[in-house]
Structures are given as structure tokens and as C-alpha cells.
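Report on the structure given below.
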Amino acid sequence: MSTTEKYYKTGLIMEGGAMRGLFTCGVMDVLLENGINFDGGAGISAGAIFGCNFKSKQIGRPLRYNLRFARDPRYGSFRSLFKTGDFYEVELCYHEIPDILDIFDRKAFAENPMEFYIGATDVKTGKCSYHKCSDGGDTDMQWMRASASLPAVSRPVFIDGEQLLDGGISDSVPFEYMESIGYNRNVIILTQPKGYVKQKNKGMPLFKIILRKYPEIVKAIGVRHEMYNKQMEEINEREEKGISFVIRPAESLGIGRTESNPAELQRVYDLGRAEAERVLPELKEFLGIM
């Protein structure tokens with residue numbers, strides 16, 4: 001047993017960012033191919049719905065189904081929004097794809113001892129709620145859906161008395177939560193380059209109208225940029241002190257949140273792979289892998 005295994009609890013933490021998450025997928029696949037494991041993981045939004053494949057060890061799966069359905073109007077379109085109330089059709093994304101079209105390996109997910117946490121925002125409080133996944137079943141899928149349900153283009157997801165939306169509103173990168181439950185040796189995958197500064201959301205007037213029944217989440221959206229920028233400062237400090245290991249793109253990925261061009265999705269995935277391969281020796285040293 002290595003020193004790291006004796007004294008550290010390792011975590012893999014994944015930011016969201018919609019289709020920027022293909023960068024994270026590229027990183028994950030390199031880690032899996034090199035047999036790198038973690039005691040636990042946490043994902044927000046795309047970091048949750050793509051990141052769950054790390055626990056099930058399904059190399060290439062999120063890239064594969066994103067390429068396959070990128071131009072399907074059910075997989076992200078205003079047509080789907082007007083027809084169903086969700087920009088991404090729930091039946092396709094959370095039932096047909098994982099159950100039939102590109103099967104999510106729930107057995108492998110459940111049997112892997114790695115813990116996996118998902119964060120979503122409670123619309124009544126504007127605070128982040130966290131869920132520890134168990135078997136990749138219906139409840140876990142509901143939490144994945146909730147974490148990735150963007151305000152104004154998704155319906156709130158009802159789970160155990162809570163109404164939930166996108167976790168990134170209240171906790172874009174859940175490193176503090178993971179630290180609070182004992183994970184003290186964390187690898188953080190970001191989808192924005194170092195130095196990126198988030199600006200105040202220009203859609204606030206629209207959110208105030210659409211979400212007027214939920215004033216607390218409107219407040220949370222209004223200060224999200226402040227929360228995010230503070231998190232980046234704290235992550236940079238942890239990186240400089242050697243407390244956390246950060247993997248991020250060298251520059252802006254230049255991809256839209258709802259990108260439907262397969263070539264662009266592949267490009268961003270490849271950038272993730274390249275960056276992971278570049279830092280792999282340092283990462284192994286950080287994790288104590290001989």
C-alpha cells in the first residue's frame with residue numbers, strides 16, 4: 001500500500017459547462033486507460049452526466065453518444081423545448097440512450113467502490129443539495145438530470161420534496177463539499193482556462209420573469225459570477241500549495257454550450273486527451289502512484 005493510500009482520500013472533481021464537458025471526457029478516458037482510480041468523485045451538470053461513466057469505467061461512451069445524437073433535434077433544440085418543456089428531451093437522454101441505445105453499465109457502476117456525488121440547486125433556497133449515488137438507477141438518473149437542468153430551458157426536477165435545477169448555479173466546482181466529507185487529495189478538472197473570469201449573466205431580466213416564483217434561485221443566478229470567480233481563486237491557491245491537482249484547457253475551448261457539430265465535439269475531446277497525457281507523469285506523482 002502506498003503512502004497516498006495510507007494517508008489520503010483521493011477525489012476526482014468535475015466542473016460542468018455543457019459541451020465543454022467533452023474536454024473532461026477526454027481527460028477521464030486517459031485516466032481510465034492508465035488504470036488511475038479514485039476513492040470518490042463529484043460532478044456538477046455535464047460533470048455529473050459525463051462523469052458517471054468514470055465510475056462505470058465505460059471508456060469512450062459519452063463521446064460516442066454525443067457524436068451519434070449531436071444533430072438529433074431531441075438532443076438539444078428549441079423544438080424539444082417547445083414540445084416537452086426541456087431543451088434536452090428527457091425520454092431520449094435519461095431513458096432511451098442509457099437503457100437501450102448506448103447502455104449505461106449500472107452493474108459496473110454499483111460494484112465500483114468509488115463513491116460518486118452529484119450537486120443540484122434547490123429552487124426554493126438557492127442552495128446546493130448533494131446526493132451520493134448508489135446503483136445508477138432511477139433516483140441517481142433523476143439527480144443527474146436535475147444537476148444538468150439549465151434554468152429557463154428546463155423544468156425543475158422533483159426529488160424527495162425538493163425542486164432542483166442546474167447545480168452550477170450554486171456550486172460550480174464542488175471541491176469544498178468534497179473536502180468537507182474527507183476528500184483531501186483532489187484532482188479537479190476544469191473546462192475553462194486559467195485566468196478566465198465569469199461575467200454577470202446578461203439574461204437576468206429574463207430569469208426574473210421566468211423564475212419569479214423562485215426569488216432565491218434568481219438571487220443565486222445574479223451572484224453566480226461572484227461565486228465562480230471566488231472558487232477559481234481558491235482552486236488556484238490549492239494548486240499553488242500542492243493541495244489539489246488541476247487539469248484545465250490551455251486556452252478557451254471555443255465551443256458553444258449546445259454545439260451540435262460532431263467535428264467540434266471530437267476536437268474538444270481530443271484536447272482533453274492531449275492535456276491529460278501531457279500532465280500524466282505529474283498527476284501520478286501527486287497521487288503517489290509509483
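In the C-alpha cells, chains take letters A, B, ... by order of appearance, with residues numbered from 1 within each chain and ligands from 1 in the order shown.
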
For Glu264 in chain A: contacts at 12 Å, only C-alpha atoms, fewer than 4 positions along chain excluded, given as a ChimeraX atom specification | /A:19-20,22-23,63,66-67,70,253-260,268-271

Write out as a PyMOL selection string each polymer residue whose atoms come within 9 Å of range 217-228 of chain A, counting only C-alpha atoms; drop sequence neighbours fewer than 4 positions from it.
-> chain A and resi 121-127+168-173+197-201+204+207-208+211-212+232-233

Spatial neighbours of Pro249 in chain A, max dist 9 Å, only C-alpha atoms, sep filter under 5 positions, as a PDB file with all heavy atoms, in the first residue's frame:
```
ATOM      1  N   PHE A  23     -14.192  17.981 -23.088  1.00  0.00           N
ATOM      2  CA  PHE A  23     -12.797  18.076 -22.638  1.00  0.00           C
ATOM      3  C   PHE A  23     -12.591  17.145 -21.444  1.00  0.00           C
ATOM      4  O   PHE A  23     -11.618  16.375 -21.383  1.00  0.00           O
ATOM      5  CB  PHE A  23     -12.467  19.521 -22.256  1.00  0.00           C
ATOM      6  CG  PHE A  23     -11.087  19.716 -21.686  1.00  0.00           C
ATOM      7  CD1 PHE A  23     -10.007  19.958 -22.520  1.00  0.00           C
ATOM      8  CD2 PHE A  23     -10.869  19.667 -20.314  1.00  0.00           C
ATOM      9  CE1 PHE A  23      -8.723  20.129 -21.994  1.00  0.00           C
ATOM     10  CE2 PHE A  23      -9.602  19.836 -19.780  1.00  0.00           C
ATOM     11  CZ  PHE A  23      -8.522  20.074 -20.619  1.00  0.00           C
ATOM     12  N   LEU A 190     -11.258  21.269 -14.828  1.00  0.00           N
ATOM     13  CA  LEU A 190     -11.991  22.480 -15.200  1.00  0.00           C
ATOM     14  C   LEU A 190     -12.154  22.540 -16.709  1.00  0.00           C
ATOM     15  O   LEU A 190     -11.366  21.946 -17.459  1.00  0.00           O
ATOM     16  CB  LEU A 190     -11.242  23.722 -14.709  1.00  0.00           C
ATOM     17  CG  LEU A 190     -10.978  23.815 -13.201  1.00  0.00           C
ATOM     18  CD1 LEU A 190     -10.181  25.078 -12.880  1.00  0.00           C
ATOM     19  CD2 LEU A 190     -12.280  23.788 -12.419  1.00  0.00           C
ATOM     20  N   THR A 191     -13.152  23.279 -17.162  1.00  0.00           N
ATOM     21  CA  THR A 191     -13.386  23.394 -18.611  1.00  0.00           C
ATOM     22  C   THR A 191     -13.155  24.805 -19.133  1.00  0.00           C
ATOM     23  O   THR A 191     -13.488  25.115 -20.272  1.00  0.00           O
ATOM     24  CB  THR A 191     -14.813  22.922 -18.963  1.00  0.00           C
ATOM     25  OG1 THR A 191     -15.772  23.688 -18.226  1.00  0.00           O
ATOM     26  CG2 THR A 191     -14.986  21.448 -18.616  1.00  0.00           C
ATOM     27  N   GLN A 192     -12.573  25.662 -18.283  1.00  0.00           N
ATOM     28  CA  GLN A 192     -12.152  26.997 -18.706  1.00  0.00           C
ATOM     29  C   GLN A 192     -10.668  27.141 -18.405  1.00  0.00           C
ATOM     30  O   GLN A 192     -10.155  26.542 -17.451  1.00  0.00           O
ATOM     31  CB  GLN A 192     -12.937  28.091 -17.959  1.00  0.00           C
ATOM     32  CG  GLN A 192     -14.429  28.138 -18.250  1.00  0.00           C
ATOM     33  CD  GLN A 192     -14.768  28.759 -19.605  1.00  0.00           C
ATOM     34  OE1 GLN A 192     -13.889  28.947 -20.452  1.00  0.00           O
ATOM     35  NE2 GLN A 192     -16.029  29.080 -19.818  1.00  0.00           N
ATOM     36  N   PRO A 193      -9.945  27.949 -19.189  1.00  0.00           N
ATOM     37  CA  PRO A 193      -8.506  28.111 -18.959  1.00  0.00           C
ATOM     38  C   PRO A 193      -8.203  28.937 -17.716  1.00  0.00           C
ATOM     39  O   PRO A 193      -9.079  29.639 -17.186  1.00  0.00           O
ATOM     40  CB  PRO A 193      -8.043  28.840 -20.228  1.00  0.00           C
ATOM     41  CG  PRO A 193      -9.257  29.610 -20.668  1.00  0.00           C
ATOM     42  CD  PRO A 193     -10.425  28.728 -20.344  1.00  0.00           C
ATOM     43  N   LYS A 194      -6.979  28.851 -17.255  1.00  0.00           N
ATOM     44  CA  LYS A 194      -6.558  29.636 -16.103  1.00  0.00           C
ATOM     45  C   LYS A 194      -6.671  31.116 -16.428  1.00  0.00           C
ATOM     46  O   LYS A 194      -6.296  31.559 -17.523  1.00  0.00           O
ATOM     47  CB  LYS A 194      -5.117  29.291 -15.721  1.00  0.00           C
ATOM     48  CG  LYS A 194      -4.706  29.814 -14.362  1.00  0.00           C
ATOM     49  CD  LYS A 194      -3.400  29.192 -13.900  1.00  0.00           C
ATOM     50  CE  LYS A 194      -3.092  29.588 -12.458  1.00  0.00           C
ATOM     51  NZ  LYS A 194      -1.888  28.894 -11.945  1.00  0.00           N
ATOM     52  N   LEU A 271      -8.600  17.518 -27.264  1.00  0.00           N
ATOM     53  CA  LEU A 271      -7.826  18.455 -26.447  1.00  0.00           C
ATOM     54  C   LEU A 271      -7.730  17.954 -25.008  1.00  0.00           C
ATOM     55  O   LEU A 271      -6.678  18.081 -24.361  1.00  0.00           O
ATOM     56  CB  LEU A 271      -8.478  19.838 -26.472  1.00  0.00           C
ATOM     57  CG  LEU A 271      -8.332  20.642 -27.767  1.00  0.00           C
ATOM     58  CD1 LEU A 271      -9.172  21.917 -27.697  1.00  0.00           C
ATOM     59  CD2 LEU A 271      -6.866  20.993 -28.032  1.00  0.00           C
ATOM     60  N   GLY A 272      -8.818  17.394 -24.499  1.00  0.00           N
ATOM     61  CA  GLY A 272      -8.802  16.827 -23.159  1.00  0.00           C
ATOM     62  C   GLY A 272      -7.823  15.667 -23.052  1.00  0.00           C
ATOM     63  O   GLY A 272      -7.061  15.569 -22.079  1.00  0.00           O
ATOM     64  N   GLU A 275      -4.178  17.024 -23.107  1.00  0.00           N
ATOM     65  CA  GLU A 275      -3.773  17.667 -21.863  1.00  0.00           C
ATOM     66  C   GLU A 275      -3.545  16.623 -20.768  1.00  0.00           C
ATOM     67  O   GLU A 275      -2.588  16.730 -19.987  1.00  0.00           O
ATOM     68  CB  GLU A 275      -4.818  18.686 -21.421  1.00  0.00           C
ATOM     69  CG  GLU A 275      -4.444  19.499 -20.193  1.00  0.00           C
ATOM     70  CD  GLU A 275      -3.180  20.317 -20.354  1.00  0.00           C
ATOM     71  OE1 GLU A 275      -2.743  20.569 -21.495  1.00  0.00           O
ATOM     72  OE2 GLU A 275      -2.612  20.719 -19.314  1.00  0.00           O
TER      73      GLU A 275
END
```

In terms of the shortest atom-to-atom distance over only C-alpha atoms, which of A:Gly21, A:Arg68, A:Phe54, A:Ile13 is closest to Asn261 in chain A?
->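 Looking at the shortest contact to Asn261 in chain A, the residue is A:Arg68.
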
Name all residues at most 10 Å from range 77-84 of chain A (count only C-alpha atoms; drop same-chain ones fewer than 3 positions away) and give them as a PyMOL selection string.
-> chain A and resi 71-74+87-91+152-155+258+260
